[in-house]
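Participant: Quick one, query_16.csv (CSV, C-alpha atoms and all ligand atoms):
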chain,number,residue,atom,x,y,z
U,1407,MET,CA,-14.9,-27.7,10.3
U,1408,HIS,CA,-12.7,-24.8,9.1
U,1409,THR,CA,-8.9,-25.2,9.4
U,1410,LEU,CA,-7.7,-22.0,10.9
U,1411,PRO,CA,-4.7,-20.2,9.4
U,1412,THR,CA,-1.6,-20.1,11.6
U,1413,TYR,CA,1.3,-17.8,12.3
U,1414,ASP,CA,3.3,-19.8,9.6
U,1415,ASP,CA,0.7,-18.5,7.1
U,1416,VAL,CA,1.5,-15.0,8.3
U,1417,ILE,CA,5.2,-15.6,7.7
U,1418,ALA,CA,4.5,-16.9,4.2
U,1419,ALA,CA,2.3,-13.9,3.5
U,1420,ALA,CA,5.0,-11.5,4.7
U,1421,ALA,CA,7.4,-13.1,2.1
U,1422,ARG,CA,4.8,-12.6,-0.7
U,1423,LEU,CA,4.3,-8.9,0.4
U,1424,GLU,CA,8.0,-8.1,0.5
U,1425,GLY,CA,8.6,-5.3,-1.9
U,1426,GLN,CA,4.9,-5.0,-2.7
U,1427,ALA,CA,3.3,-3.6,0.5
U,1428,HIS,CA,4.9,-0.7,2.3
U,1429,ARG,CA,6.6,-1.4,5.6
U,1430,THR,CA,4.5,1.3,7.3
U,1431,PRO,CA,6.1,3.5,10.0
U,1432,VAL,CA,5.6,3.0,13.7
U,1433,LEU,CA,5.0,6.4,15.1
U,1434,ARG,CA,5.3,7.6,18.7
U,1435,SER,CA,3.6,10.6,20.5
U,1436,ALA,CA,5.1,12.1,23.6
U,1437,THR,CA,1.8,13.9,24.1
U,1438,ALA,CA,-0.2,10.7,24.0
U,1439,ASP,CA,2.3,8.9,26.4
U,1440,ALA,CA,2.1,11.8,28.9
U,1441,ARG,CA,-1.6,12.2,28.7
U,1442,TRP,CA,-2.6,8.5,29.1
U,1443,GLY,CA,0.5,7.4,31.1
U,1444,ALA,CA,1.5,4.6,28.7
U,1445,GLN,CA,4.0,4.1,25.9
U,1446,PHE,CA,2.1,4.0,22.6
U,1447,PHE,CA,3.4,2.5,19.4
U,1448,PHE,CA,1.2,3.5,16.5
U,1449,LYS,CA,1.4,1.1,13.4
U,1450,CYS,CA,0.3,3.5,10.7
U,1451,GLU,CA,-1.6,1.5,8.0
U,1452,ASN,CA,-3.1,4.8,6.9
U,1453,PHE,CA,0.2,5.1,5.0
U,1454,GLN,CA,-0.2,1.6,3.4
U,1455,ARG,CA,-0.7,1.4,-0.4
U,1456,MET,CA,-4.2,2.5,-1.3
U,1457,GLY,CA,-4.5,3.9,2.2
U,1458,ALA,CA,-5.4,0.9,4.4
U,1459,PHE,CA,-4.1,-2.4,5.7
U,1460,LYS,CA,-6.6,-4.2,3.3
U,1461,PHE,CA,-3.9,-4.3,0.6
U,1462,ARG,CA,-2.0,-6.9,2.7
U,1463,GLY,CA,-4.8,-9.5,2.7
U,1464,ALA,CA,-6.0,-8.9,-0.8
U,1465,PHE,CA,-2.5,-9.1,-2.3
U,1466,ASN,CA,-1.6,-12.2,-0.3
U,1467,ALA,CA,-4.8,-14.0,-1.5
U,1468,LEU,CA,-4.4,-13.0,-5.2
U,1469,ALA,CA,-0.6,-13.9,-5.2
U,1470,LYS,CA,-1.6,-17.4,-4.3
U,1471,PHE,CA,-3.8,-17.9,-7.3
U,1472,ASP,CA,-2.8,-20.7,-9.7
U,1473,ALA,CA,-2.4,-20.1,-13.5
U,1474,VAL,CA,-6.0,-20.8,-14.3
U,1475,GLN,CA,-7.3,-18.5,-11.5
U,1476,ARG,CA,-4.9,-15.8,-12.7
U,1477,ARG,CA,-6.2,-15.9,-16.2
U,1478,ALA,CA,-9.8,-15.3,-15.1
U,1479,GLY,CA,-9.0,-13.0,-12.3
U,1480,ALA,CA,-10.6,-11.9,-9.0
U,1481,ILE,CA,-14.0,-10.7,-8.1
U,1482,ALA,CA,-15.1,-8.9,-4.9
U,1483,PHE,CA,-18.1,-7.1,-3.6
U,1484,SER,CA,-17.3,-4.0,-1.6
U,1485,SER,CA,-17.8,-0.2,-1.7
U,1486,GLY,CA,-14.9,0.4,0.7
U,1487,ASN,CA,-11.2,-0.3,1.1
U,1488,HIS,CA,-11.4,-4.0,0.1
U,1489,ALA,CA,-12.6,-2.9,-3.4
U,1490,GLN,CA,-9.5,-0.8,-3.9
U,1491,ALA,CA,-7.2,-3.4,-2.3
U,1492,VAL,CA,-8.4,-6.1,-4.7
U,1493,ALA,CA,-8.3,-3.8,-7.7
U,1494,LEU,CA,-4.7,-2.6,-7.0
U,1495,SER,CA,-3.5,-6.1,-6.2
U,1496,ALA,CA,-5.0,-7.5,-9.4
U,1497,ARG,CA,-3.3,-4.7,-11.4
U,1498,LEU,CA,0.1,-5.4,-9.8
U,1499,LEU,CA,-0.3,-9.1,-10.5
U,1500,GLY,CA,-1.5,-8.6,-14.1
U,1501,MET,CA,-4.9,-10.1,-13.7
U,1502,PRO,CA,-8.4,-8.9,-14.4
U,1503,ALA,CA,-10.6,-7.8,-11.5
U,1504,VAL,CA,-14.4,-7.1,-11.2
U,1505,ILE,CA,-15.7,-5.2,-8.2
U,1506,VAL,CA,-19.4,-5.3,-7.5
U,1507,MET,CA,-20.6,-2.0,-5.9
U,1508,PRO,CA,-24.0,-0.4,-5.2
U,1509,ASN,CA,-25.0,2.2,-7.8
U,1510,ASP,CA,-25.3,4.8,-5.0
U,1511,ALA,CA,-21.7,4.3,-3.8
U,1512,PRO,CA,-19.7,7.5,-3.6
U,1513,ALA,CA,-18.5,8.7,-6.9
U,1514,ALA,CA,-14.9,9.1,-5.5
U,1515,LYS,CA,-14.9,5.3,-4.6
U,1516,LEU,CA,-16.1,4.3,-8.0
U,1517,ALA,CA,-13.5,6.4,-9.7
U,1518,ALA,CA,-10.7,5.2,-7.4
U,1519,THR,CA,-11.5,1.6,-8.0
U,1520,ARG,CA,-11.7,2.2,-11.8
U,1521,GLU,CA,-8.4,4.1,-11.7
U,1522,TYR,CA,-6.7,0.9,-10.3
U,1523,GLY,CA,-7.9,-0.8,-13.5
U,1524,ALA,CA,-10.8,-2.8,-12.2
U,1525,GLU,CA,-14.2,-3.3,-14.0
U,1526,VAL,CA,-16.9,-2.0,-11.7
U,1527,VAL,CA,-20.3,-3.7,-11.9
U,1528,GLN,CA,-23.1,-1.8,-10.2
U,1529,TYR,CA,-26.3,-3.1,-8.7
U,1530,ASP,CA,-29.4,-1.7,-7.0
U,1531,ARG,CA,-29.0,-2.2,-3.2
U,1532,PHE,CA,-32.8,-2.1,-2.7
U,1533,THR,CA,-33.8,-4.6,-5.4
U,1534,GLU,CA,-30.8,-6.9,-6.1
U,1535,ASP,CA,-29.0,-9.5,-4.0
U,1536,ARG,CA,-25.4,-8.6,-4.2
U,1537,GLU,CA,-24.1,-12.0,-3.2
U,1538,ALA,CA,-26.2,-13.8,-5.7
U,1539,LEU,CA,-25.1,-11.3,-8.5
U,1540,THR,CA,-21.5,-11.7,-7.5
U,1541,ARG,CA,-21.7,-15.5,-7.4
U,1542,ARG,CA,-23.3,-15.5,-10.9
U,1543,LEU,CA,-20.6,-13.3,-12.3
U,1544,ALA,CA,-17.9,-15.4,-10.7
U,1545,GLU,CA,-19.4,-18.5,-12.3
U,1546,GLU,CA,-19.9,-17.0,-15.7
U,1547,ARG,CA,-16.4,-15.7,-15.9
U,1548,GLY,CA,-14.6,-18.3,-13.9
U,1549,MET,CA,-13.4,-15.6,-11.5
U,1550,THR,CA,-12.3,-16.3,-7.9
U,1551,LEU,CA,-14.3,-14.5,-5.2
U,1552,ILE,CA,-12.2,-12.9,-2.5
U,1553,PRO,CA,-14.2,-12.0,0.6
U,1554,PRO,CA,-13.1,-9.0,2.7
U,1555,TYR,CA,-12.3,-10.8,5.9
U,1556,ASP,CA,-13.4,-14.5,6.2
U,1557,HIS,CA,-10.6,-16.1,4.2
U,1558,PRO,CA,-7.4,-17.8,5.5
U,1559,ASP,CA,-5.2,-15.9,3.0
U,1560,VAL,CA,-6.8,-12.6,3.8
U,1561,ILE,CA,-6.4,-13.1,7.5
U,1562,ALA,CA,-2.8,-14.2,7.1
U,1563,GLY,CA,-2.0,-11.1,5.0
U,1564,GLN,CA,-3.6,-8.8,7.6
U,1565,GLY,CA,-1.5,-10.4,10.3
U,1566,THR,CA,1.7,-9.0,8.7
U,1567,ALA,CA,1.1,-5.5,10.1
U,1568,ALA,CA,1.2,-6.7,13.7
U,1569,LYS,CA,4.2,-8.9,12.9
U,1570,GLU,CA,6.1,-5.9,11.6
U,1571,LEU,CA,5.1,-3.9,14.6
U,1572,ILE,CA,6.2,-6.4,17.2
U,1573,GLU,CA,9.4,-7.3,15.3
U,1574,GLU,CA,10.3,-3.6,15.2
U,1575,VAL,CA,9.5,-2.5,18.7
U,1576,GLY,CA,9.7,-5.7,20.8
U,1577,ALA,CA,7.1,-7.3,23.0
U,1578,LEU,CA,4.0,-5.4,23.9
U,1579,ASP,CA,1.7,-5.6,27.0
U,1580,ALA,CA,-1.4,-4.8,25.0
U,1581,LEU,CA,-2.4,-4.5,21.3
U,1582,TYR,CA,-5.6,-2.6,20.3
U,1583,VAL,CA,-7.0,-3.4,16.8
U,1584,CYS,CA,-9.9,-2.0,14.8
U,1585,LEU,CA,-12.6,-4.6,14.3
U,1586,GLY,CA,-15.2,-5.0,11.6
U,1587,GLY,CA,-15.5,-8.6,10.3
U,1588,GLY,CA,-12.4,-9.5,12.2
U,1589,GLY,CA,-9.7,-10.1,9.5
U,1590,LEU,CA,-7.3,-7.6,11.0
U,1591,THR,CA,-8.0,-8.6,14.6
U,1592,SER,CA,-7.6,-12.3,14.0
U,1593,GLY,CA,-4.5,-11.9,11.9
U,1594,SER,CA,-3.0,-9.6,14.5
U,1595,ALA,CA,-3.8,-12.1,17.2
U,1596,LEU,CA,-1.9,-14.8,15.3
U,1597,SER,CA,1.2,-12.6,15.2
U,1598,ALA,CA,0.9,-11.4,18.8
U,1599,ARG,CA,0.5,-14.9,20.2
U,1600,ALA,CA,3.6,-16.1,18.3
U,1601,LEU,CA,5.8,-13.1,18.9
U,1602,ALA,CA,4.7,-11.7,22.3
U,1603,PRO,CA,2.8,-14.4,24.1
U,1604,GLY,CA,2.1,-12.2,27.1
U,1605,CYS,CA,0.5,-9.5,25.0
U,1606,LYS,CA,-3.3,-9.0,25.5
U,1607,VAL,CA,-5.1,-8.5,22.2
U,1608,TYR,CA,-8.2,-6.4,22.1
U,1609,GLY,CA,-10.6,-5.9,19.2
U,1610,VAL,CA,-12.5,-2.6,19.1
U,1611,GLU,CA,-15.9,-2.0,17.5
U,1612,PRO,CA,-18.3,0.9,17.1
U,1613,GLU,CA,-20.8,1.0,20.0
U,1614,ALA,CA,-23.7,0.7,17.5
U,1615,GLY,CA,-22.2,-2.4,15.9
U,1616,ASN,CA,-21.0,-4.6,18.8
U,1617,ASP,CA,-21.8,-7.9,17.2
U,1618,GLY,CA,-18.3,-9.1,17.8
U,1619,GLN,CA,-18.5,-8.4,21.5
U,1620,GLN,CA,-21.9,-10.1,21.7
U,1621,SER,CA,-20.4,-13.1,19.8
U,1622,LEU,CA,-17.5,-13.4,22.2
U,1623,ARG,CA,-19.9,-13.3,25.2
U,1624,ALA,CA,-22.4,-15.8,23.6
U,1625,GLY,CA,-19.8,-18.2,22.3
U,1626,HIS,CA,-21.3,-18.2,18.8
U,1627,ILE,CA,-21.5,-15.8,15.9
U,1628,VAL,CA,-24.2,-13.2,16.6
U,1629,HIS,CA,-25.8,-11.4,13.6
U,1630,ILE,CA,-27.0,-7.7,13.8
U,1631,GLU,CA,-28.7,-5.2,11.5
U,1632,THR,CA,-26.2,-2.9,9.6
U,1633,PRO,CA,-25.2,-0.5,12.4
U,1634,LYS,CA,-25.4,3.3,12.1
U,1635,THR,CA,-22.0,4.7,12.8
U,1636,ILE,CA,-19.4,7.0,11.2
U,1637,ALA,CA,-17.0,4.0,11.2
U,1638,ASP,CA,-18.1,2.8,7.8
U,1639,GLY,CA,-15.3,0.2,7.6
U,1640,ALA,CA,-16.8,-1.6,10.6
U,1641,GLN,CA,-20.4,-1.7,9.6
U,1642,THR,CA,-20.3,-5.5,9.3
U,1643,GLN,CA,-23.3,-7.5,10.5
U,1644,HIS,CA,-21.3,-10.5,11.8
U,1645,LEU,CA,-17.9,-12.1,12.2
U,1646,GLY,CA,-16.8,-14.9,9.9
U,1647,GLU,CA,-16.2,-18.6,10.7
U,1648,TYR,CA,-12.5,-18.3,10.5
U,1649,THR,CA,-12.2,-14.9,12.1
U,1650,PHE,CA,-14.5,-15.9,15.0
U,1651,GLY,CA,-12.5,-19.2,15.5
U,1652,ILE,CA,-9.3,-17.3,16.0
U,1653,ILE,CA,-10.8,-14.4,18.0
U,1654,ARG,CA,-12.6,-16.7,20.5
U,1655,ARG,CA,-9.3,-18.5,21.1
U,1656,ASP,CA,-6.7,-15.7,21.0
U,1657,VAL,CA,-8.4,-12.3,21.7
U,1658,THR,CA,-8.6,-11.2,25.3
U,1659,ASP,CA,-11.7,-9.0,24.9
U,1660,ILE,CA,-13.7,-6.8,22.6
U,1661,PHE,CA,-14.4,-3.2,23.5
U,1662,THR,CA,-16.7,-0.6,21.9
U,1663,VAL,CA,-16.4,3.2,21.4
U,1664,SER,CA,-18.9,5.9,20.5
U,1665,ASP,CA,-18.8,8.0,17.3
U,1666,ALA,CA,-17.9,11.0,19.5
U,1667,GLN,CA,-14.8,9.1,20.8
U,1668,LEU,CA,-13.8,8.4,17.2
U,1669,VAL,CA,-14.0,12.1,16.3
U,1670,ASP,CA,-11.8,12.8,19.3
U,1671,GLY,CA,-9.3,10.3,18.0
U,1672,MET,CA,-9.4,11.9,14.5
U,1673,ARG,CA,-8.7,15.3,16.1
U,1674,PHE,CA,-5.8,14.0,18.1
U,1675,PHE,CA,-4.2,12.3,15.1
U,1676,ALA,CA,-4.6,15.5,13.0
U,1677,GLU,CA,-3.5,18.0,15.6
U,1678,ARG,CA,-0.8,16.1,17.4
U,1679,MET,CA,0.5,13.6,14.8
U,1680,LYS,CA,-0.3,15.5,11.6
U,1681,MET,CA,-2.1,12.6,10.0
U,1682,VAL,CA,-5.4,12.0,8.4
U,1683,VAL,CA,-7.1,8.9,9.8
U,1684,GLU,CA,-10.6,7.7,8.7
U,1685,PRO,CA,-13.2,7.2,11.5
U,1686,THR,CA,-12.8,3.4,11.4
U,1687,GLY,CA,-9.1,3.8,11.7
U,1688,CYS,CA,-9.5,5.5,15.1
U,1689,LEU,CA,-11.4,2.6,16.8
U,1690,ALA,CA,-8.3,1.1,18.4
U,1691,PHE,CA,-6.8,4.3,19.7
U,1692,ALA,CA,-10.2,5.5,21.1
U,1693,ALA,CA,-10.5,2.4,23.2
U,1694,ALA,CA,-6.9,2.6,24.4
U,1695,CYS,CA,-7.5,6.2,25.5
U,1696,ALA,CA,-10.6,5.0,27.5
U,1697,ALA,CA,-8.7,2.2,29.2
U,1698,GLY,CA,-7.5,4.4,32.1
U,1699,GLU,CA,-5.6,2.5,34.8
U,1700,ALA,CA,-5.6,-0.8,32.8
U,1701,ILE,CA,-2.8,0.5,30.5
U,1702,ARG,CA,-0.8,2.7,32.9
U,1703,GLY,CA,2.9,2.2,32.6
U,1704,GLN,CA,2.4,-0.4,29.8
U,1705,ARG,CA,3.7,-0.8,26.3
U,1706,VAL,CA,0.6,-0.5,24.1
U,1707,GLY,CA,0.4,-1.2,20.4
U,1708,VAL,CA,-2.3,0.6,18.4
U,1709,ILE,CA,-3.1,-0.4,14.8
U,1710,VAL,CA,-4.2,2.7,12.9
U,1711,SER,CA,-6.0,0.9,10.2
U,1712,GLY,CA,-6.7,3.4,7.4
U,1713,GLY,CA,-6.8,6.9,6.1
U,1714,ASN,CA,-9.4,6.9,3.3
U,1715,VAL,CA,-12.0,9.5,4.0
U,1716,ASP,CA,-13.7,12.1,1.8
U,1717,LEU,CA,-12.1,15.4,2.9
U,1718,GLY,CA,-15.5,17.2,3.0
U,1719,ARG,CA,-16.8,14.6,5.3
U,1720,TYR,CA,-13.6,14.7,7.4
U,1721,ALA,CA,-13.8,18.5,7.8
U,1722,ALA,CA,-17.5,18.3,8.7
U,1723,LEU,CA,-16.9,15.6,11.4
U,1724,LEU,CA,-14.1,17.7,12.9
U,1725,ALA,CA,-16.1,20.9,12.8
U,1726,GLY,CA,-19.2,19.3,14.2
U,1727,SER,CA,-18.1,18.7,17.8
Z,1801,LIG,C1,-12.0,-3.1,6.7
Z,1801,LIG,C2,-11.5,-2.1,7.7
Z,1801,LIG,C3,-11.5,-2.4,9.1
Z,1801,LIG,C4,-12.1,-3.6,9.7
Z,1801,LIG,O1,-11.3,-4.8,9.3
Z,1801,LIG,P1,-11.9,-6.2,9.5
Z,1801,LIG,O2,-10.8,-7.1,9.0
Z,1801,LIG,O3,-13.1,-6.3,8.7
Z,1801,LIG,O4,-12.1,-6.4,10.9
Z,1801,LIG,C5,-10.9,-1.4,10.0
Z,1801,LIG,N1,-10.4,-0.3,9.5
Z,1801,LIG,C6,-10.4,0.0,8.2
Z,1801,LIG,C7,-9.8,1.3,7.7
Z,1801,LIG,C8,-10.9,-0.9,7.2
Z,1801,LIG,O5,-10.9,-0.6,5.9
Mind converting the file's structure to structure tokens?
Ligand SMILES: *Cc1c(COP(=O)(O)O)cnc(C)c1O
Facilitator:
Amino acid sequence: MHTLPTYDDVIAAAARLEGQAHRTPVLRSATADARWGAQFFFKCENFQRMGAFKFRGAFNALAKFDAVQRRAGAIAFSSGNHAQAVALSARLLGMPAVIVMPNDAPAAKLAATREYGAEVVQYDRFTEDREALTRRLAEERGMTLIPPYDHPDVIAGQGTAAKELIEEVGALDALYVCLGGGGLTSGSALSARALAPGCKVYGVEPEAGNDGQQSLRAGHIVHIETPKTIADGAQTQHLGEYTFGIIRRDVTDIFTVSDAQLVDGMRFFAERMKMVVEPTGCLAFAAACAAGEAIRGQRVGVIVSGGNVDLGRYAALLAGS
């Protein structure tokens, strides 16, 4: 059985992140409050280092390495924000990092990961098994594999965003969180349960990839095919053992939103709040907007999870609807 991380682990992660992660701003929007009849508190992780909350979990995990682990370094497989989070954390901690990425990953992502000083190992998505390749490399080089969500130290690090939010603004009635593999949602739930026991915590997935919602209903982890959605940070096929263990205990419900709702969210953030938010980063807000009477008059936390999006793609999405 997996021993689940606790809020004490979030507190310890916050101490490790002090002076390393940005304490991201909590923004308000009078327009949003008036339009949806609630008080919104946006925790803007799009302004986090490397552009997403994933820095928190990766740095916390790498900072806990012992001397032997540090010498060999960290390895991860990801073509998204986790890759850059591990690469940057390793550089800051002075250790090597290898990131395993498909050879058709966007050039900008490859370049960004290399810029942070990581070695990128590419593989063919159609003929090679990325997990087997990563495990072999990890073994050959003695490197420690850091998964993107299903790891106690990653979950504890991700929980520090909600901790900061609630400590700054006080108790909330509801907290909406973007959900992929569940690292951010489960970490947020640990903080909310400790700091605002009455706060309902909701995970929000893309409609096409509602494996988390299905898992919560079924009472066990449900696996799905890689979903087709513009929320590329939430194209996970299943929750993890740790993340599901916390989510089933501490999360009130899981909602889904459509790609069109995500684009509406991107437009609202751009027009009204002057910020670039990636499609996945709009999941939480899109569900809060759709909540209607359920949030009227309430204090609602929204975690804006990231802002990394190719600008051509961003412009096309905004122009397309
Ligand atoms: C990874 C990611 C998510 C999903 O986080 P999980 O911990 O996998 O649930 C949401 N938004 C952004 C921007 C991400 O990079």
Participant: Select, from U:Ala1458, U:Ala1577, U:Ile1636, U:Ala1469, the residue with the minimum atom-to-atom distance to U:Asn1487, counting all atoms listed in the file.
Facilitator: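 Ranking U:Ala1458, U:Ala1577, U:Ile1636, U:Ala1469 by distance to U:Asn1487, first place goes to U:Ala1458.
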Participant: Counting all atoms listed in the file, note down every residue that has an atom within 9 Å of the point (0.0, 3.8, -6.8) (file coordinates), as a PyMOL selection string.
Facilitator: chain U and resi 1455-1456+1494+1522
Participant: Determine the nearest neighbour of U:Ala1697 from the options U:Thr1437, U:Gly1486, U:Glu1677, U:Ala1444, counting all atoms listed in the file.
Facilitator: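 Residue with the minimum atom-to-atom distance to U:Ala1697: U:Ala1444.
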Participant: Suppose you want the space between atom CA of U:Asn1452 and atom CA of U:Ser1711; what is it in Å?
Facilitator: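 Calculated distance between atom CA of U:Asn1452 and atom CA of U:Ser1711 is 5.9 Å.
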Participant: Would you list the residues that come within 6 Å of ligand LIG 1801 (chain Z)? Count all atoms listed in the file and give the answer as a PyMOL selection string.
Facilitator: chain U and resi 1458+1487+1555+1584-1591+1639-1640+1686-1687+1711-1712
Participant: Nearest residue to U:Leu1499 out of U:Pro1553, U:Leu1543, U:Phe1448, U:Leu1423, using all atoms listed in the file?
Facilitator: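 Comparing U:Pro1553, U:Leu1543, U:Phe1448, U:Leu1423 against U:Leu1499, the winner is U:Leu1423.
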Participant: Choose the residue, out of U:Leu1433, U:Ala1692, U:Ile1627, U:Leu1581, that has the smallest atom-to-atom separation from U:Phe1447; count all atoms listed in the file.
Facilitator: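 Nearest to U:Phe1447: U:Leu1433.
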Participant: Using all atoms listed in the file, pick whichever of U:Ala1420, U:Gln1564, U:Thr1533, U:Glu1613 has the shortest atom-to-atom distance to U:Phe1461.
Facilitator: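 The closest residue to U:Phe1461 is U:Gln1564.
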Participant: With 6 Å as the cut-off and all atoms listed in the file counted, what is the closest atom pair between each nearby residue of stretch 1519-1585 of chain U and stretch 1500-1515 of chain U? Distances in Å to one decimal, ordered by chain and number, as CSV.
Facilitator:
residue,atom,partner,partner_atom,distance
U:Ala1524,CA,U:Ala1503,CA,5.1
U:Glu1525,CA,U:Val1504,CA,4.7
U:Val1526,CA,U:Ile1505,CA,4.9
U:Val1527,CA,U:Val1506,CA,4.8
U:Gln1528,CA,U:Met1507,CA,5.0
U:Tyr1529,CA,U:Pro1508,CA,5.0
U:Asp1530,CA,U:Pro1508,CA,5.8
U:Arg1531,CA,U:Pro1508,CA,5.7
Participant: Identify which of the residues U:Gln1475, U:Gln1454, U:Ser1592, U:Thr1519 lies closest to U:Tyr1413, counting all atoms listed in the file when measuring atom-to-atom distances.
Facilitator: U:Ser1592
Participant: Counting only C-alpha atoms, which residues in stretch 1562-1672 of chain U sit no more than 12 Å from stretch 1425-1428 of chain U? For each one, give the nearest pair of atoms and the distance in Å, sorted by chain then residue number, as JSON lines.
Facilitator:
{"residue": "U:Gly1563", "atom": "CA", "partner": "U:Ala1427", "partner_atom": "CA", "distance": 10.2}
{"residue": "U:Gln1564", "atom": "CA", "partner": "U:Ala1427", "partner_atom": "CA", "distance": 11.2}
{"residue": "U:Thr1566", "atom": "CA", "partner": "U:Ala1427", "partner_atom": "CA", "distance": 9.9}
{"residue": "U:Ala1567", "atom": "CA", "partner": "U:His1428", "partner_atom": "CA", "distance": 9.9}
{"residue": "U:Glu1570", "atom": "CA", "partner": "U:His1428", "partner_atom": "CA", "distance": 10.7}
Participant: Using atom CA of U:Gly1646 and atom CA of U:Ile1552 as the two end points, give the distance in Å to one decimal.
Facilitator: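 Pair atom CA of U:Gly1646 / atom CA of U:Ile1552 returns 13.4 Å.
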Participant: List the spatial neighbours of U:Arg1422 as a ChimeraX atom specification - criterion: any atom at most 10 Å away, all atoms listed in the file, same-chain residues fewer than 6 positions off excluded.
Facilitator: /U:1416,1462,1465-1467,1469-1470,1563
Participant: Please list as a list of chain:residue names every residue within 8 Å of U:Leu1601, counting only C-alpha atoms and excluding residues in the same chain fewer than 3 positions away.
Facilitator: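 The residues satisfying every condition are U:Lys1569, U:Ile1572, U:Glu1573, U:Ala1577, U:Ser1597, U:Ala1598.
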Participant: Between atom CA of U:Ser1495 and atom CA of U:Arg1476, measure the distance and give it in Å to one decimal.
Facilitator: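 Atom CA of U:Arg1476 lies 11.8 Å from atom CA of U:Ser1495.
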Participant: Write out as a PDB file with C-alpha atoms, keeping the file's coordinate frame which residues come within 6 Å of U:Ala1568 when counting only C-alpha atoms, dropping same-chain ones fewer than 3 positions away.
Facilitator:
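And here's around.pdb as it stands now:
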ATOM      1  CA  GLY U1565      -1.500 -10.400  10.300  1.00  0.00           C
ATOM      2  CA  LEU U1571       5.100  -3.900  14.600  1.00  0.00           C
ATOM      3  CA  SER U1594      -3.000  -9.600  14.500  1.00  0.00           C
TER       4      SER U1594
END
Participant: Excluding U:Val1706 and residues on its chain fewer than 3 positions from it, collect all residues at most 8 Å away from it, counting only C-alpha atoms, and give them as a PyMOL selection string.
Facilitator: chain U and resi 1444-1447+1578-1582+1701
Participant: Limited to C-alpha atoms, could you put the picked residues into a file as a PDB file, keeping the file's coordinate frame?
Facilitator:
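Now in again_10.pdb:
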ATOM      1  CA  ALA U1444       1.500   4.600  28.700  1.00  0.00           C
ATOM      2  CA  GLN U1445       4.000   4.100  25.900  1.00  0.00           C
ATOM      3  CA  PHE U1446       2.100   4.000  22.600  1.00  0.00           C
ATOM      4  CA  PHE U1447       3.400   2.500  19.400  1.00  0.00           C
ATOM      5  CA  LEU U1578       4.000  -5.400  23.900  1.00  0.00           C
ATOM      6  CA  ASP U1579       1.700  -5.600  27.000  1.00  0.00           C
ATOM      7  CA  ALA U1580      -1.400  -4.800  25.000  1.00  0.00           C
ATOM      8  CA  LEU U1581      -2.400  -4.500  21.300  1.00  0.00           C
ATOM      9  CA  TYR U1582      -5.600  -2.600  20.300  1.00  0.00           C
ATOM     10  CA  ILE U1701      -2.800   0.500  30.500  1.00  0.00           C
TER      11      ILE U1701
END
